[in-house]
file start.cif (mmCIF, C-alpha atoms and all ligand atoms)
data_work
loop_
_atom_site.label_atom_id
_atom_site.label_comp_id
_atom_site.auth_asym_id
_atom_site.auth_seq_id
_atom_site.Cartn_x
_atom_site.Cartn_y
_atom_site.Cartn_z
CA MET C 1 0.00 0.00 0.00
CA SER C 2 1.35 3.42 -0.82
CA ILE C 3 1.06 5.92 1.97
CA ALA C 4 1.43 9.52 0.91
CA GLY C 5 4.04 11.61 2.64
CA THR C 6 5.94 8.73 4.17
CA GLU C 7 9.16 9.57 2.34
CA ASN C 8 10.78 11.09 5.46
CA ASN C 9 9.63 8.38 7.78
CA SER C 10 11.74 5.81 9.52
CA PRO C 11 11.85 2.38 7.86
CA GLU C 12 10.61 0.69 11.04
CA ARG C 13 7.44 2.75 11.11
CA VAL C 14 4.41 0.63 11.91
CA PRO C 15 1.36 1.56 9.82
CA ILE C 16 -1.23 3.30 11.97
CA THR C 17 -3.88 1.02 10.50
CA SER C 18 -2.25 -1.93 12.25
CA LEU C 19 -1.97 -0.04 15.56
CA LEU C 20 -5.50 1.30 15.70
CA SER C 21 -8.80 -0.23 14.67
CA LYS C 22 -11.32 1.74 12.61
CA GLU C 23 -13.39 2.27 15.77
CA GLU C 24 -10.42 3.86 17.52
CA LEU C 25 -9.94 6.46 14.80
CA PRO C 26 -11.67 9.82 15.13
CA LYS C 27 -14.49 10.15 12.61
CA HIS C 28 -13.97 13.87 12.15
CA VAL C 29 -10.60 15.60 12.58
CA GLY C 30 -10.23 19.38 12.51
CA VAL C 31 -6.83 20.87 11.71
CA ILE C 32 -5.71 24.45 12.39
CA MET C 33 -2.87 24.96 9.92
CA ASP C 34 -0.80 27.29 12.08
CA GLY C 35 2.84 28.35 12.00
CA ASN C 36 3.37 29.08 8.30
CA GLY C 37 4.50 32.65 8.99
CA ARG C 38 7.03 31.60 11.63
CA TRP C 39 8.32 28.81 9.41
CA ALA C 40 8.99 31.36 6.64
CA LYS C 41 10.53 33.89 9.04
CA GLN C 42 12.95 31.29 10.39
CA ARG C 43 14.23 30.87 6.82
CA GLY C 44 14.30 34.55 5.89
CA LEU C 45 11.42 33.99 3.44
CA LYS C 46 8.23 35.95 2.80
CA ARG C 47 5.19 34.83 4.81
CA TYR C 48 3.43 33.61 1.68
CA GLU C 49 6.28 31.15 1.07
CA GLY C 50 5.25 29.60 4.39
CA HIS C 51 1.66 29.33 3.19
CA ARG C 52 2.86 27.73 -0.05
CA GLU C 53 4.70 25.09 1.96
CA GLY C 54 1.66 24.80 4.25
CA ALA C 55 -0.53 24.08 1.24
CA LYS C 56 1.80 21.18 0.35
CA THR C 57 1.41 19.82 3.88
CA PHE C 58 -2.36 20.19 3.54
CA ARG C 59 -2.32 17.99 0.40
CA ARG C 60 -0.15 15.34 2.09
CA ILE C 61 -2.22 15.15 5.25
CA ALA C 62 -5.56 15.21 3.40
CA GLU C 63 -4.42 12.35 1.18
CA TYR C 64 -2.98 10.39 4.08
CA ALA C 65 -6.13 10.84 6.18
CA SER C 66 -8.28 9.47 3.39
CA GLU C 67 -5.92 6.52 2.88
CA ILE C 68 -5.98 5.43 6.53
CA GLY C 69 -9.77 5.66 6.84
CA ILE C 70 -10.55 9.04 8.38
CA ARG C 71 -14.09 9.82 7.21
CA TYR C 72 -14.05 13.61 7.65
CA ILE C 73 -11.19 16.05 7.92
CA THR C 74 -11.62 19.81 8.02
CA PHE C 75 -8.74 22.25 7.53
CA TYR C 76 -8.83 25.88 8.68
CA ALA C 77 -7.37 27.74 5.71
CA PHE C 78 -8.76 31.25 6.03
CA SER C 79 -10.69 32.69 8.95
CA SER C 80 -13.27 35.48 8.83
CA GLU C 81 -10.62 37.57 10.59
CA ASN C 82 -7.81 36.82 8.11
CA TRP C 83 -8.98 39.59 5.72
CA LYS C 84 -7.13 41.93 8.13
CA ARG C 85 -3.79 40.55 6.92
CA PRO C 86 -1.70 42.50 4.38
CA GLN C 87 -3.26 42.40 0.90
CA GLU C 88 -0.19 40.66 -0.52
CA GLU C 89 -0.63 37.79 1.94
CA VAL C 90 -4.39 37.51 1.37
CA ASN C 91 -3.80 37.42 -2.40
CA ALA C 92 -1.16 34.73 -1.98
CA ILE C 93 -3.56 32.53 0.00
CA LEU C 94 -6.29 33.08 -2.62
CA GLN C 95 -3.81 32.09 -5.31
CA LEU C 96 -3.00 28.86 -3.46
CA LEU C 97 -6.70 28.08 -3.29
CA ARG C 98 -7.01 28.70 -7.04
CA GLU C 99 -4.09 26.37 -7.73
CA TYR C 100 -5.58 23.68 -5.52
CA LEU C 101 -9.00 23.99 -7.16
CA ASP C 102 -7.46 23.79 -10.66
CA GLU C 103 -5.46 20.77 -9.59
CA ALA C 104 -8.53 19.13 -8.03
CA GLU C 105 -10.31 19.54 -11.34
CA SER C 106 -7.44 18.09 -13.35
CA ARG C 107 -7.04 15.23 -10.86
CA GLN C 108 -10.74 14.54 -10.74
CA LYS C 109 -10.40 10.95 -11.89
CA GLU C 110 -7.82 10.19 -9.23
CA ASN C 111 -9.92 11.82 -6.49
CA GLU C 112 -12.92 9.91 -7.76
CA GLU C 113 -11.07 6.61 -7.45
CA LYS C 114 -10.04 7.56 -3.93
CA GLY C 115 -13.63 8.49 -3.08
CA ILE C 116 -12.69 11.97 -1.91
CA ARG C 117 -15.40 14.56 -1.54
CA ILE C 118 -14.18 18.16 -1.47
CA ARG C 119 -16.22 20.61 0.47
CA PHE C 120 -15.66 24.27 1.30
CA VAL C 121 -17.17 25.52 4.53
CA GLY C 122 -17.60 29.20 5.30
CA ASP C 123 -19.09 32.25 3.64
CA ILE C 124 -17.75 32.01 0.11
CA SER C 125 -19.83 34.95 -1.13
CA LYS C 126 -16.93 37.36 -0.50
CA PHE C 127 -14.50 35.56 -2.79
CA PRO C 128 -13.69 36.56 -6.37
CA GLU C 129 -16.08 35.13 -8.98
CA ASP C 130 -13.50 32.76 -10.50
CA ILE C 131 -12.84 31.16 -7.11
CA LYS C 132 -16.58 30.83 -6.37
CA ASP C 133 -17.08 29.14 -9.75
CA LYS C 134 -14.22 26.73 -9.15
CA ILE C 135 -15.56 25.92 -5.66
CA ASN C 136 -19.02 25.18 -7.03
CA GLU C 137 -17.47 22.97 -9.69
CA ALA C 138 -15.35 21.10 -7.12
CA HIS C 139 -18.49 20.54 -5.03
CA ARG C 140 -20.44 19.33 -8.05
CA LEU C 141 -17.73 16.94 -9.24
CA SER C 142 -17.26 15.24 -5.89
CA GLU C 143 -20.64 15.48 -4.15
CA ASP C 144 -21.45 11.79 -4.47
CA LYS C 145 -18.15 10.61 -2.96
CA THR C 146 -18.41 9.12 0.50
CA ARG C 147 -15.07 7.58 1.54
CA CYS C 148 -13.51 10.76 2.92
CA THR C 149 -14.82 14.31 3.01
CA VAL C 150 -11.99 16.83 2.90
CA SER C 151 -13.35 20.19 3.97
CA ILE C 152 -11.54 23.48 3.68
CA ALA C 153 -12.77 26.26 5.93
CA ILE C 154 -12.47 29.63 4.22
CA ASN C 155 -13.86 32.96 5.35
CA TYR C 156 -14.98 30.80 8.23
CA GLY C 157 -15.73 31.79 11.80
CA GLY C 158 -17.51 29.55 14.29
CA ARG C 159 -19.54 32.41 15.76
CA GLN C 160 -20.46 33.74 12.33
CA GLU C 161 -21.60 30.23 11.41
CA ILE C 162 -23.86 30.07 14.49
CA ILE C 163 -25.30 33.51 13.65
CA LYS C 164 -26.03 32.26 10.12
CA ALA C 165 -27.83 29.22 11.55
CA VAL C 166 -29.88 31.41 13.93
CA LYS C 167 -30.89 33.65 11.01
CA ASP C 168 -31.83 30.66 8.83
CA ILE C 169 -33.96 29.21 11.62
CA ALA C 170 -35.59 32.59 12.39
CA ALA C 171 -36.50 32.91 8.71
CA LYS C 172 -38.13 29.46 8.74
CA VAL C 173 -40.10 30.35 11.87
CA GLN C 174 -41.13 33.66 10.33
CA LYS C 175 -42.37 31.90 7.20
CA GLY C 176 -44.30 29.42 9.34
CA GLU C 177 -42.19 26.48 8.13
CA MET C 178 -41.06 25.66 11.65
CA SER C 179 -42.29 26.24 15.18
CA ILE C 180 -40.12 27.54 18.03
CA ASP C 181 -40.56 24.22 19.85
CA GLU C 182 -38.93 22.43 16.94
CA ILE C 183 -35.66 24.30 17.44
CA ASP C 184 -33.22 21.73 18.76
CA GLU C 185 -29.58 20.68 18.22
CA ALA C 186 -30.41 18.83 15.03
CA ALA C 187 -32.16 21.91 13.64
CA VAL C 188 -29.12 24.10 14.35
CA ASP C 189 -26.77 21.42 12.99
CA SER C 190 -28.66 21.31 9.71
CA CYS C 191 -28.12 25.06 9.20
CA LEU C 192 -24.36 25.00 9.78
CA TYR C 193 -21.84 25.03 6.92
CA THR C 194 -20.91 21.54 8.10
CA ALA C 195 -24.49 20.21 7.85
CA GLY C 196 -24.48 16.44 7.53
CA MET C 197 -21.04 15.99 9.08
CA PRO C 198 -20.50 14.50 12.54
CA ASP C 199 -19.13 16.69 15.35
CA ALA C 200 -15.36 17.05 15.49
CA ASP C 201 -13.74 14.33 17.63
CA LEU C 202 -10.20 15.63 17.48
CA ILE C 203 -8.78 19.09 16.81
CA ILE C 204 -5.09 19.31 15.96
CA ARG C 205 -3.23 22.59 16.31
CA PRO C 206 0.47 22.71 15.47
CA SER C 207 2.94 25.52 16.22
CA GLY C 208 2.54 25.55 20.01
CA GLU C 209 -0.59 27.72 20.16
CA ILE C 210 -3.25 26.46 22.53
CA ARG C 211 -6.55 27.98 21.45
CA LEU C 212 -9.48 27.30 19.17
CA SER C 213 -9.53 30.66 17.34
CA ASN C 214 -13.19 30.56 16.28
CA PHE C 215 -12.81 27.15 14.59
CA LEU C 216 -15.68 24.63 14.64
CA THR C 217 -17.15 26.36 17.70
CA TRP C 218 -20.46 24.45 17.73
CA GLN C 219 -18.96 21.18 16.47
CA SER C 220 -16.08 20.94 18.95
CA VAL C 221 -17.94 20.87 22.28
CA TYR C 222 -16.74 17.33 23.00
CA ALA C 223 -13.62 17.36 20.83
CA GLU C 224 -10.26 16.25 22.16
CA PHE C 225 -7.47 18.74 21.54
CA TYR C 226 -3.98 17.86 20.39
CA TYR C 227 -1.20 20.42 20.36
CA THR C 228 2.33 20.17 19.08
CA ASN C 229 5.20 22.62 18.70
CA VAL C 230 5.87 21.47 15.12
CA LEU C 231 5.12 24.26 12.63
CA TRP C 232 2.49 23.34 10.03
CA PRO C 233 4.84 23.23 7.01
CA ASP C 234 6.98 20.69 8.93
CA PHE C 235 4.00 18.61 10.07
CA THR C 236 4.33 15.04 8.75
CA THR C 237 2.11 12.01 8.50
CA GLU C 238 4.06 10.67 11.50
CA ASP C 239 2.94 13.72 13.49
CA PHE C 240 -0.61 12.95 12.38
CA ASP C 241 -0.20 9.37 13.63
CA LYS C 242 1.00 10.70 17.00
CA ALA C 243 -2.18 12.77 17.30
CA LEU C 244 -4.30 9.72 16.46
CA LEU C 245 -2.49 7.52 18.98
CA ASP C 246 -2.89 10.20 21.65
CA PHE C 247 -6.58 10.51 20.80
CA ALA C 248 -7.09 6.74 21.12
CA LYS C 249 -5.77 6.88 24.71
CA ARG C 250 -8.22 9.55 25.87
CA GLY C 251 -11.22 8.41 27.90
CA ARG C 252 -14.19 10.19 26.35
CA ARG C 253 -17.24 10.39 28.62
CA PHE C 254 -19.43 12.96 26.83
CA GLY C 255 -20.68 14.30 30.16
CA GLY C 256 -21.24 10.84 31.66
CA VAL C 257 -19.08 9.10 34.27
C1 LIG C 301 -1.95 30.37 9.87
O1 LIG C 301 -0.55 30.49 10.01
C2 LIG C 301 -2.24 30.02 8.49
C3 LIG C 301 -3.08 30.71 7.67
C4 LIG C 301 -3.84 31.89 8.13
C5 LIG C 301 -3.27 30.32 6.25
C6 LIG C 301 -3.26 28.84 5.99
C7 LIG C 301 -3.40 28.64 4.54
C8 LIG C 301 -2.77 27.68 3.84
C9 LIG C 301 -1.90 26.64 4.45
C10 LIG C 301 -2.95 27.58 2.36
C11 LIG C 301 -4.30 27.06 2.07
C12 LIG C 301 -4.36 26.46 0.76
C13 LIG C 301 -5.10 25.38 0.49
C14 LIG C 301 -4.97 24.83 -0.85
C15 LIG C 301 -6.00 24.72 1.45
P1 LIG C 301 0.08 31.91 10.34
O2 LIG C 301 0.30 32.65 9.08
O3 LIG C 301 -0.79 32.63 11.32
O4 LIG C 301 1.45 31.50 10.97
P2 LIG C 301 2.22 32.29 12.15
O5 LIG C 301 1.35 32.18 13.37
O6 LIG C 301 3.49 31.53 12.26
O7 LIG C 301 2.42 33.69 11.67
#

call {"tool": "encode", "arguments": {"input": "start.cif", "output": "structure tokens"}}
result
Amino acid sequence: MSIAGTENNSPERVPITSLLSKEELPKHVGVIMDGNGRWAKQRGLKRYEGHREGAKTFRRIAEYASEIGIRYITFYAFSSENWKRPQEEVNAILQLLREYLDEAESRQKENEEKGIRIRFVGDISKFPEDIKDKINEAHRLSEDKTRCTVSIAINYGGRQEIIKAVKDIAAKVQKGEMSIDEIDEAAVDSCLYTAGMPDADLIIRPSGEIRLSNFLTWQSVYAEFYYTNVLWPDFTTEDFDKALLDFAKRGRRFGGV
């Protein structure tokens, strides 16, 4: 079996699939791709060079996750707050998204064989027309795939997502399509960008930062957190395995005893 991104790994590495059963794997992993700027700075490079390297890591980890049987993985690529960054950096991130979307289209057959569904979560209305078109096309081409859903959160904020859900529900109530008594967790869930996905089980944040930063706010209430000092561009499939092994050791009680 070929495992993407294993080129730097030690020869004695034991495949994670023989260490953990399917049941021990998180169903939904969230990843905060942090540390690109510091990675670039350490090398005297521009910040966007860090994002470029980070986008390579994203491809490796997304592919690896789908190969080992993770059903859902969501990457935080651009937060609602990231528009505040210098225009040059915002443009560079948009360009990386364009490149990925073009590549996803040209590698459609391959993705199809791998059963990868690509999904963008967040308010895409603010993006340039060409990116919106490419996103809609990526959604259309992969919507029937079920093996692994790779989601990319862009112009995403957990609070903004909850506000959107509240507005959608209020509109339904106003139109008489729903009563107030029918508002429950499932109703809110169905109005989130992540509708249809399970809650996040594990959130990984590299680069030593220990906070959620408005990521999957509703979906992470029972998530386990995994932090590492590794900067995102240096994050390997072995680091991903470490997070999974750590996750498998946690005793999850979901409020019970
Ligand atoms: C946070 O690191 C990272 C971002 C705000 C951007 C992440 C975007 C990518 C990796 C590219 C996305 C492209 C695709 C195809 C999904 P930071 O810049 O805050 O790092 P720092 O904390 O070290 O400054």

call {"tool": "closest_atom_pairs", "arguments": {"input": "start.cif", "of": "chain C", "to": "ligand LIG 301 (chain C)", "cutoff": "6 Å", "atoms": "all atoms listed in the file", "output": "JSON lines"}}
result
{"residue": "C:Met33", "atom": "CA", "partner": "C:LIG301", "partner_atom": "C2", "distance": 5.3}
{"residue": "C:Asp34", "atom": "CA", "partner": "C:LIG301", "partner_atom": "O1", "distance": 3.8}
{"residue": "C:Gly35", "atom": "CA", "partner": "C:LIG301", "partner_atom": "O6", "distance": 3.3}
{"residue": "C:Asn36", "atom": "CA", "partner": "C:LIG301", "partner_atom": "O4", "distance": 4.1}
{"residue": "C:Gly37", "atom": "CA", "partner": "C:LIG301", "partner_atom": "O7", "distance": 3.5}
{"residue": "C:Arg38", "atom": "CA", "partner": "C:LIG301", "partner_atom": "O6", "distance": 3.6}
{"residue": "C:His51", "atom": "CA", "partner": "C:LIG301", "partner_atom": "C9", "distance": 4.6}
{"residue": "C:Gly54", "atom": "CA", "partner": "C:LIG301", "partner_atom": "C9", "distance": 4.0}
{"residue": "C:Ala55", "atom": "CA", "partner": "C:LIG301", "partner_atom": "C9", "distance": 4.3}
{"residue": "C:Ala77", "atom": "CA", "partner": "C:LIG301", "partner_atom": "C7", "distance": 4.2}
{"residue": "C:Phe78", "atom": "CA", "partner": "C:LIG301", "partner_atom": "C4", "distance": 5.4}
{"residue": "C:Ile93", "atom": "CA", "partner": "C:LIG301", "partner_atom": "C10", "distance": 5.5}
{"residue": "C:Leu96", "atom": "CA", "partner": "C:LIG301", "partner_atom": "C12", "distance": 5.0}
{"residue": "C:Leu97", "atom": "CA", "partner": "C:LIG301", "partner_atom": "C14", "distance": 4.4}
{"residue": "C:Tyr100", "atom": "CA", "partner": "C:LIG301", "partner_atom": "C14", "distance": 4.8}

call {"tool": "residues_near_point", "arguments": {"input": "start.cif", "point": "(-17.8, 35.3, 0.6)", "cutoff": "12 Å", "atoms": "only C-alpha atoms", "output": "ChimeraX atom specification"}}
result
/C:78-80,83,120-129,131-132,135,153-157

call {"tool": "atom_distance", "arguments": {"input": "start.cif", "atom1": "CA of Val150 (chain C)", "atom2": "CA of Glu89 (chain C)"}}
result
23.9 Å

call {"tool": "atom_distance", "arguments": {"input": "start.cif", "atom1": "CA of Pro15 (chain C)", "atom2": "CA of Asp241 (chain C)"}}
result
8.8 Å

call {"tool": "axis_aligned_box", "arguments": {"input": "start.cif", "around": "region 70-78 of chain C", "padding_each_side": "4 Å", "output": "lines of an AutoDock Vina configuration file"}}
result
center_x = -10.7
center_y = 20.1
center_z = 7.2
size_x = 14.7
size_y = 30.2
size_z = 11.0

call {"tool": "residues_around", "arguments": {"input": "start.cif", "residues": "Asn214 (chain C)", "least_positions_apart": "2", "cutoff": "10 Å", "atoms": "only C-alpha atoms", "output": "PyMOL selection string"}}
result
chain C and resi 76+79-81+156-161+211-212+216-218

call {"tool": "write_last_selection", "arguments": {"input": "start.cif", "atoms": "C-alpha atoms", "output": "PDB file, in the frame of the given file"}}
result
ATOM      1  CA  TYR C  76      -8.830  25.880   8.680  1.00  0.00           C
ATOM      2  CA  SER C  79     -10.690  32.690   8.950  1.00  0.00           C
ATOM      3  CA  SER C  80     -13.270  35.480   8.830  1.00  0.00           C
ATOM      4  CA  GLU C  81     -10.620  37.570  10.590  1.00  0.00           C
ATOM      5  CA  TYR C 156     -14.980  30.800   8.230  1.00  0.00           C
ATOM      6  CA  GLY C 157     -15.730  31.790  11.800  1.00  0.00           C
ATOM      7  CA  GLY C 158     -17.510  29.550  14.290  1.00  0.00           C
ATOM      8  CA  ARG C 159     -19.540  32.410  15.760  1.00  0.00           C
ATOM      9  CA  GLN C 160     -20.460  33.740  12.330  1.00  0.00           C
ATOM     10  CA  GLU C 161     -21.600  30.230  11.410  1.00  0.00           C
ATOM     11  CA  ARG C 211      -6.550  27.980  21.450  1.00  0.00           C
ATOM     12  CA  LEU C 212      -9.480  27.300  19.170  1.00  0.00           C
ATOM     13  CA  LEU C 216     -15.680  24.630  14.640  1.00  0.00           C
ATOM     14  CA  THR C 217     -17.150  26.360  17.700  1.00  0.00           C
ATOM     15  CA  TRP C 218     -20.460  24.450  17.730  1.00  0.00           C
TER      16      TRP C 218
END

call {"tool": "closest_atom_pairs", "arguments": {"input": "start.cif", "of": "region 53-167 of chain C", "to": "region 18-30 of chain C", "cutoff": "12 Å", "atoms": "only C-alpha atoms", "output": "CSV"}}
result
residue,atom,partner,partner_atom,distance
C:Phe58,CA,C:Gly30,CA,12.0
C:Ile61,CA,C:Val29,CA,11.1
C:Ala62,CA,C:Val29,CA,10.5
C:Ala65,CA,C:Val29,CA,9.1
C:Ser66,CA,C:Lys27,CA,11.1
C:Ile68,CA,C:Lys22,CA,8.9
C:Gly69,CA,C:Lys22,CA,7.1
C:Ile70,CA,C:Lys27,CA,5.9
C:Arg71,CA,C:Lys27,CA,5.4
C:Tyr72,CA,C:His28,CA,4.5
C:Ile73,CA,C:Val29,CA,4.7
C:Thr74,CA,C:Gly30,CA,4.7
C:Phe75,CA,C:Gly30,CA,5.9
C:Tyr76,CA,C:Gly30,CA,7.7
C:Ala77,CA,C:Gly30,CA,11.1
C:Arg147,CA,C:Lys27,CA,11.4
C:Cys148,CA,C:His28,CA,9.8
C:Thr149,CA,C:His28,CA,9.2
C:Val150,CA,C:Val29,CA,9.9
C:Ser151,CA,C:Gly30,CA,9.1
C:Ile152,CA,C:Gly30,CA,9.8
C:Ala153,CA,C:Gly30,CA,9.9

call {"tool": "atom_distance", "arguments": {"input": "start.cif", "atom1": "CA of Val31 (chain C)", "atom2": "CA of Tyr226 (chain C)"}}
result
9.6 Å

call {"tool": "residues_around", "arguments": {"input": "start.cif", "residues": "Lys164 (chain C)", "least_positions_apart": "5", "cutoff": "9 Å", "atoms": "all atoms listed in the file", "output": "PyMOL selection string"}}
result
chain C and resi 159+169+191-193

call {"tool": "closest_residue", "arguments": {"input": "start.cif", "among": "C:Asp181, C:Asp234, C:Glu143, C:Asp130", "to": "Asn111 (chain C)", "atoms": "all atoms listed in the file"}}
result
C:Glu143

call {"tool": "closest_residue", "arguments": {"input": "start.cif", "among": "C:Ala223, C:Met178, C:Phe240, C:Ile32", "to": "Asp199 (chain C)", "atoms": "all atoms listed in the file"}}
result
C:Ala223

call {"tool": "residues_near_point", "arguments": {"input": "start.cif", "point": "(-16.9, 22.9, -3.4)", "cutoff": "7 Å", "atoms": "all atoms listed in the file", "output": "list in words"}}
result
Ile118, Arg119, Phe120, Ile135, Asn136, Glu137, Ala138, His139 and Arg140 of chain C

call {"tool": "closest_residue", "arguments": {"input": "start.cif", "among": "C:Ala92, C:Val14, C:Leu202, C:Leu245", "to": "Glu224 (chain C)", "atoms": "all atoms listed in the file"}}
result
C:Leu202

call {"tool": "closest_residue", "arguments": {"input": "start.cif", "among": "C:Lys56, C:Asp246, C:Trp39, C:Ala187", "to": "Asn229 (chain C)", "atoms": "all atoms listed in the file"}}
result
C:Trp39
